[in-house]
file my_file_33.cif (mmCIF, C-alpha atoms)
data_protein
loop_
_atom_site.label_atom_id
_atom_site.label_comp_id
_atom_site.auth_asym_id
_atom_site.auth_seq_id
_atom_site.Cartn_x
_atom_site.Cartn_y
_atom_site.Cartn_z
CA MET A 763 3.73 -6.73 -17.38
CA ALA A 764 4.11 -5.92 -13.73
CA VAL A 765 1.72 -7.58 -11.33
CA THR A 766 0.58 -4.20 -10.00
CA THR A 767 -0.29 -3.06 -13.52
CA ASP A 768 -2.22 -6.27 -14.10
CA ILE A 769 -4.12 -5.73 -10.84
CA VAL A 770 -5.23 -2.29 -11.99
CA ARG A 771 -6.17 -3.68 -15.41
CA THR A 772 -8.14 -6.48 -13.75
CA TRP A 773 -10.54 -3.97 -12.22
CA ARG A 774 -11.41 -2.75 -15.75
CA SER A 775 -11.30 -5.97 -17.76
CA PRO A 776 -10.69 -9.12 -15.71
CA ARG A 777 -11.32 -11.54 -18.57
CA VAL A 778 -8.61 -10.00 -20.75
CA VAL A 779 -6.06 -10.19 -17.93
CA MET A 780 -7.08 -13.77 -17.11
CA ARG A 781 -6.62 -14.81 -20.73
CA GLU A 782 -3.14 -13.29 -20.67
CA LEU A 783 -2.24 -15.09 -17.45
CA LEU A 784 -3.43 -18.41 -18.86
CA SER A 785 -1.48 -17.81 -22.09
CA HIS A 786 1.77 -18.13 -20.11
CA GLY A 787 1.10 -21.84 -19.75
CA GLN A 788 0.75 -23.87 -16.59
CA ARG A 789 3.00 -22.09 -14.12
CA GLU A 790 2.27 -23.44 -10.66
CA ASP A 791 5.03 -21.26 -9.26
CA ARG A 792 3.11 -18.16 -10.35
CA ALA A 793 -0.14 -19.41 -8.90
CA ILE A 794 1.37 -20.09 -5.50
CA ALA A 795 3.20 -16.77 -5.61
CA TYR A 796 -0.10 -14.98 -6.23
CA VAL A 797 -1.88 -16.66 -3.33
CA MET A 798 1.05 -16.23 -0.94
CA ALA A 799 1.48 -12.56 -1.89
CA ALA A 800 -2.23 -11.94 -1.34
CA CYS A 801 -2.14 -13.68 2.03
CA LEU A 802 0.94 -11.72 3.10
CA ILE A 803 -0.67 -8.41 2.09
CA LEU A 804 -3.87 -9.29 3.94
CA TYR A 805 -1.84 -10.32 6.99
CA VAL A 806 -0.22 -6.89 7.04
CA ALA A 807 -3.66 -5.34 6.55
CA GLN A 808 -4.68 -6.81 9.92
CA TRP A 809 -2.03 -4.95 11.90
CA PRO A 810 -4.05 -1.74 12.38
CA ARG A 811 -6.99 -3.74 13.73
CA LEU A 812 -4.71 -5.67 16.07
CA LYS A 813 -3.08 -2.46 17.31
CA ARG A 814 -6.48 -0.89 17.86
CA ALA A 815 -7.54 -3.87 19.95
CA GLU A 816 -4.38 -3.44 22.01
CA GLN A 817 -4.97 0.31 22.49
CA PHE A 818 -8.56 -0.04 23.65
CA GLU A 819 -7.88 -2.04 26.79
CA LEU A 820 -8.13 -5.43 25.21
CA PHE A 821 -5.16 -6.65 27.22
CA GLY A 822 -4.37 -10.02 28.71
CA PRO A 823 -5.14 -10.90 32.34
CA ASP A 824 -1.71 -9.74 33.52
CA GLY A 825 -1.94 -6.42 31.66
CA ALA A 826 0.51 -7.55 28.99
CA SER A 827 -0.04 -6.75 25.34
CA ASP A 828 -1.68 -9.40 23.21
CA PHE A 829 -0.53 -7.79 19.96
CA GLN A 830 2.38 -10.17 19.41
CA MET A 831 0.34 -13.24 20.24
CA ASN A 832 -2.55 -12.11 18.01
CA ALA A 833 -0.13 -11.18 15.21
CA GLY A 834 1.41 -14.65 15.44
CA ILE A 835 -2.00 -16.30 15.26
CA ALA A 836 -2.97 -14.08 12.32
CA PHE A 837 0.31 -14.95 10.56
CA PHE A 838 -0.30 -18.68 10.92
CA SER A 839 -3.88 -18.28 9.77
CA MET A 840 -3.08 -16.15 6.73
CA MET A 841 0.07 -17.94 5.57
CA ILE A 842 -0.85 -21.58 6.30
CA VAL A 843 -4.60 -22.02 6.72
CA TRP A 844 -5.90 -19.57 4.09
CA PRO A 845 -3.80 -20.91 1.19
CA LEU A 846 -4.91 -24.46 1.98
CA MET A 847 -8.55 -23.38 2.17
CA LEU A 848 -8.23 -21.52 -1.13
CA TYR A 849 -6.83 -24.65 -2.80
CA ILE A 850 -9.87 -26.57 -1.56
CA VAL A 851 -12.30 -23.85 -2.72
CA ALA A 852 -10.67 -23.81 -6.17
CA ALA A 853 -10.95 -27.60 -6.45
CA ILE A 854 -14.63 -27.53 -5.46
CA ALA A 855 -15.35 -24.68 -7.89
CA HIS A 856 -13.63 -26.62 -10.67
CA LEU A 857 -15.60 -29.79 -9.93
CA ILE A 858 -18.88 -27.84 -9.92
CA ALA A 859 -17.93 -26.20 -13.22
CA LYS A 860 -17.13 -29.65 -14.66
CA MET A 861 -20.66 -30.79 -13.80
CA PHE A 862 -21.92 -27.99 -16.06
CA GLY A 863 -19.66 -28.95 -18.96
CA ALA A 864 -16.62 -26.76 -18.32
CA ILE A 865 -13.42 -27.70 -20.09
CA GLY A 866 -10.88 -25.98 -17.84
CA THR A 867 -8.25 -27.60 -15.64
CA HIS A 868 -7.63 -27.62 -11.92
CA TYR A 869 -4.73 -25.27 -12.54
CA SER A 870 -6.87 -22.73 -14.41
CA ALA A 871 -9.48 -22.79 -11.63
CA ARG A 872 -6.75 -22.24 -9.02
CA LEU A 873 -5.23 -19.41 -11.01
CA ALA A 874 -8.62 -17.71 -11.37
CA LEU A 875 -9.31 -17.84 -7.64
CA PHE A 876 -5.79 -16.87 -6.59
CA TRP A 877 -5.67 -13.99 -9.07
CA ALA A 878 -9.06 -12.66 -7.96
CA PHE A 879 -7.87 -12.87 -4.35
CA LEU A 880 -4.68 -10.94 -5.18
CA ALA A 881 -6.46 -8.41 -7.39
CA THR A 882 -8.80 -7.40 -4.56
CA THR A 883 -6.10 -6.95 -1.90
CA PRO A 884 -6.04 -3.15 -2.31
CA VAL A 885 -9.59 -3.06 -0.94
CA GLY A 886 -8.49 -5.52 1.73
CA LEU A 887 -5.81 -3.03 2.79
CA LEU A 888 -8.45 -0.30 2.94
CA PHE A 889 -10.63 -2.58 5.05
CA GLY A 890 -7.74 -3.15 7.46
CA LEU A 891 -7.13 0.58 7.75
CA THR A 892 -10.82 1.21 8.31
CA MET A 893 -10.96 -1.39 11.07
CA GLY A 894 -7.82 0.06 12.66
CA LEU A 895 -8.70 3.75 12.45
CA ILE A 896 -12.48 3.75 12.82
CA GLY A 897 -13.28 0.30 14.14
CA ALA A 898 -16.27 -1.90 13.44
CA GLY A 899 -19.31 -0.03 12.22
CA PRO A 900 -21.01 1.29 9.08
CA ALA A 901 -17.77 2.39 7.39
CA ALA A 902 -16.12 -1.00 7.89
CA ASN A 903 -19.30 -2.73 6.75
CA LEU A 904 -19.38 -0.63 3.57
CA VAL A 905 -15.72 -1.32 2.75
CA GLY A 906 -16.21 -5.01 3.52
CA PHE A 907 -19.24 -5.10 1.22
CA VAL A 908 -17.28 -3.42 -1.59
CA TRP A 909 -14.44 -5.89 -1.08
CA ALA A 910 -16.72 -8.94 -1.14
CA THR A 911 -18.63 -7.67 -4.16
CA ALA A 912 -15.45 -6.86 -6.08
CA PHE A 913 -13.99 -10.26 -5.28
CA ALA A 914 -17.15 -12.07 -6.36
CA TRP A 915 -17.34 -10.11 -9.62
CA ILE A 916 -13.66 -10.50 -10.52
CA TRP A 917 -13.60 -14.19 -9.61
CA SER A 918 -16.76 -14.87 -11.62
CA GLN A 919 -15.23 -13.23 -14.67
CA CYS A 920 -11.89 -15.02 -14.24
CA ILE A 921 -13.46 -18.44 -13.66
CA ARG A 922 -15.52 -18.04 -16.85
CA VAL A 923 -12.30 -17.68 -18.81
CA ALA A 924 -10.47 -20.35 -16.82
CA GLU A 925 -13.18 -22.94 -17.32
CA GLY A 926 -13.33 -22.59 -21.07
CA GLU A 927 -15.10 -19.46 -22.20
CA THR A 928 -14.80 -19.55 -25.98
CA HIS A 929 -16.34 -16.26 -27.03
CA ALA A 930 -14.61 -12.91 -27.00
CA LEU A 931 -15.63 -9.95 -24.87
#
call {"tool": "encode", "arguments": {"input": "my_file_33.cif", "output": "structure tokens"}}
result
Amino acid sequence: MAVTTDIVRTWRSPRVVMRELLSHGQREDRAIAYVMAACLILYVAQWPRLKRAEQFELFGPDGASDFQMNAGIAFFSMMIVWPLMLYIVAAIAHLIAKMFGAIGTHYSARLALFWAFLATTPVGLLFGLTMGLIGAGPAANLVGFVWATAFAWIWSQCIRVAEGETHAL
């Protein structure tokens, strides 16, 4: 199935989608593609916020635009730093799960985290638009809360499957 279709299905039944992803076998190329796609989408989601900062007199000392510099920093952060941090978070989550008797692998823990990250990018795009059009405030806080809650719920469901859930839904 298409990744976009799986993302929509994940919002309804994340465990079923996670089981299907794991049934494809250990495909590290897919896992890295998921995390890199999510990071690229969330990098693009930052553009409205960066443009808003440029528009509202947040210029450099010489009056030049900081958009390109900030976009470059955001690109490095999202495409280099975030994937590395997510690998570390997945490893820690797997080790914690192992302490509680989980039978999953490092790969399955990575896939669960990366998939949850990718599956919640549509709300991340909405968050970026909210920050760009409205700015920081109650609306951005609400969208951010929805995003964080959705990510936590989807990841918790995916990690249950990835670490060896044996019972059906």
call {"tool": "resolve_selection", "arguments": {"input": "my_file_33.cif", "expression": "the PyMOL selection byres ((chain A and resi 793) around 10)", "output": "VMD selection string"}}
result
chain A and resid 783 788 to 792 794 to 799 869 to 870 872 to 877
call {"tool": "write_last_selection", "arguments": {"input": "my_file_33.cif", "atoms": "C-alpha atoms", "output": "compact mmCIF listing (two decimals), in the frame of the given file"}}
result
# COMPACT_ATOMS: atom_id res chain seq x y z
CA LEU A 783 -2.24 -15.09 -17.45
CA GLN A 788 0.75 -23.87 -16.59
CA ARG A 789 3.00 -22.09 -14.12
CA GLU A 790 2.27 -23.44 -10.66
CA ASP A 791 5.03 -21.26 -9.26
CA ARG A 792 3.11 -18.16 -10.35
CA ILE A 794 1.37 -20.09 -5.50
CA ALA A 795 3.20 -16.77 -5.61
CA TYR A 796 -0.10 -14.98 -6.23
CA VAL A 797 -1.88 -16.66 -3.33
CA MET A 798 1.05 -16.23 -0.94
CA ALA A 799 1.48 -12.56 -1.89
CA TYR A 869 -4.73 -25.27 -12.54
CA SER A 870 -6.87 -22.73 -14.41
CA ARG A 872 -6.75 -22.24 -9.02
CA LEU A 873 -5.23 -19.41 -11.01
CA ALA A 874 -8.62 -17.71 -11.37
CA LEU A 875 -9.31 -17.84 -7.64
CA PHE A 876 -5.79 -16.87 -6.59
CA TRP A 877 -5.67 -13.99 -9.07
call {"tool": "atom_distance", "arguments": {"input": "my_file_33.cif", "atom1": "CA of Thr867 (chain A)", "atom2": "CA of Leu880 (chain A)"}}
result
20.0 Å
call {"tool": "closest_residue", "arguments": {"input": "my_file_33.cif", "among": "A:Trp909, A:Ile842, A:Val851, A:Ile916", "to": "Val779 (chain A)", "atoms": "only C-alpha atoms"}}
result
A:Ile916
call {"tool": "resolve_selection", "arguments": {"input": "my_file_33.cif", "expression": "the PyMOL selection byres ((chain A and resi 891) around 12)", "output": "ChimeraX atom specification"}}
result
/A:804,806-814,884-890,892-898,901-902,905-906
call {"tool": "atom_distance", "arguments": {"input": "my_file_33.cif", "atom1": "CA of Ala878 (chain A)", "atom2": "CA of Leu846 (chain A)"}}
result
16.0 Å
call {"tool": "atom_distance", "arguments": {"input": "my_file_33.cif", "atom1": "CA of Leu784 (chain A)", "atom2": "CA of Ile921 (chain A)"}}
result
11.3 Å
call {"tool": "axis_aligned_box", "arguments": {"input": "my_file_33.cif", "around": "region 826-845 of chain A", "padding_each_side": "5 Å", "output": "JSON"}}
result
{"center_x": -1.8, "center_y": -14.4, "center_z": 15.1, "size_x": 18.3, "size_y": 25.3, "size_z": 37.8}
call {"tool": "closest_residue", "arguments": {"input": "my_file_33.cif", "among": "A:Met840, A:Ala914, A:Leu848, A:Cys920", "to": "Gly866 (chain A)", "atoms": "all atoms listed in the file"}}
result
A:Cys920
call {"tool": "resolve_selection", "arguments": {"input": "my_file_33.cif", "expression": "the PyMOL selection byres ((chain A and resi 766-773) around 9)", "output": "MDAnalysis selection string"}}
result
chainID A and resid 763:765 774:780 877:878 880:882 912 916
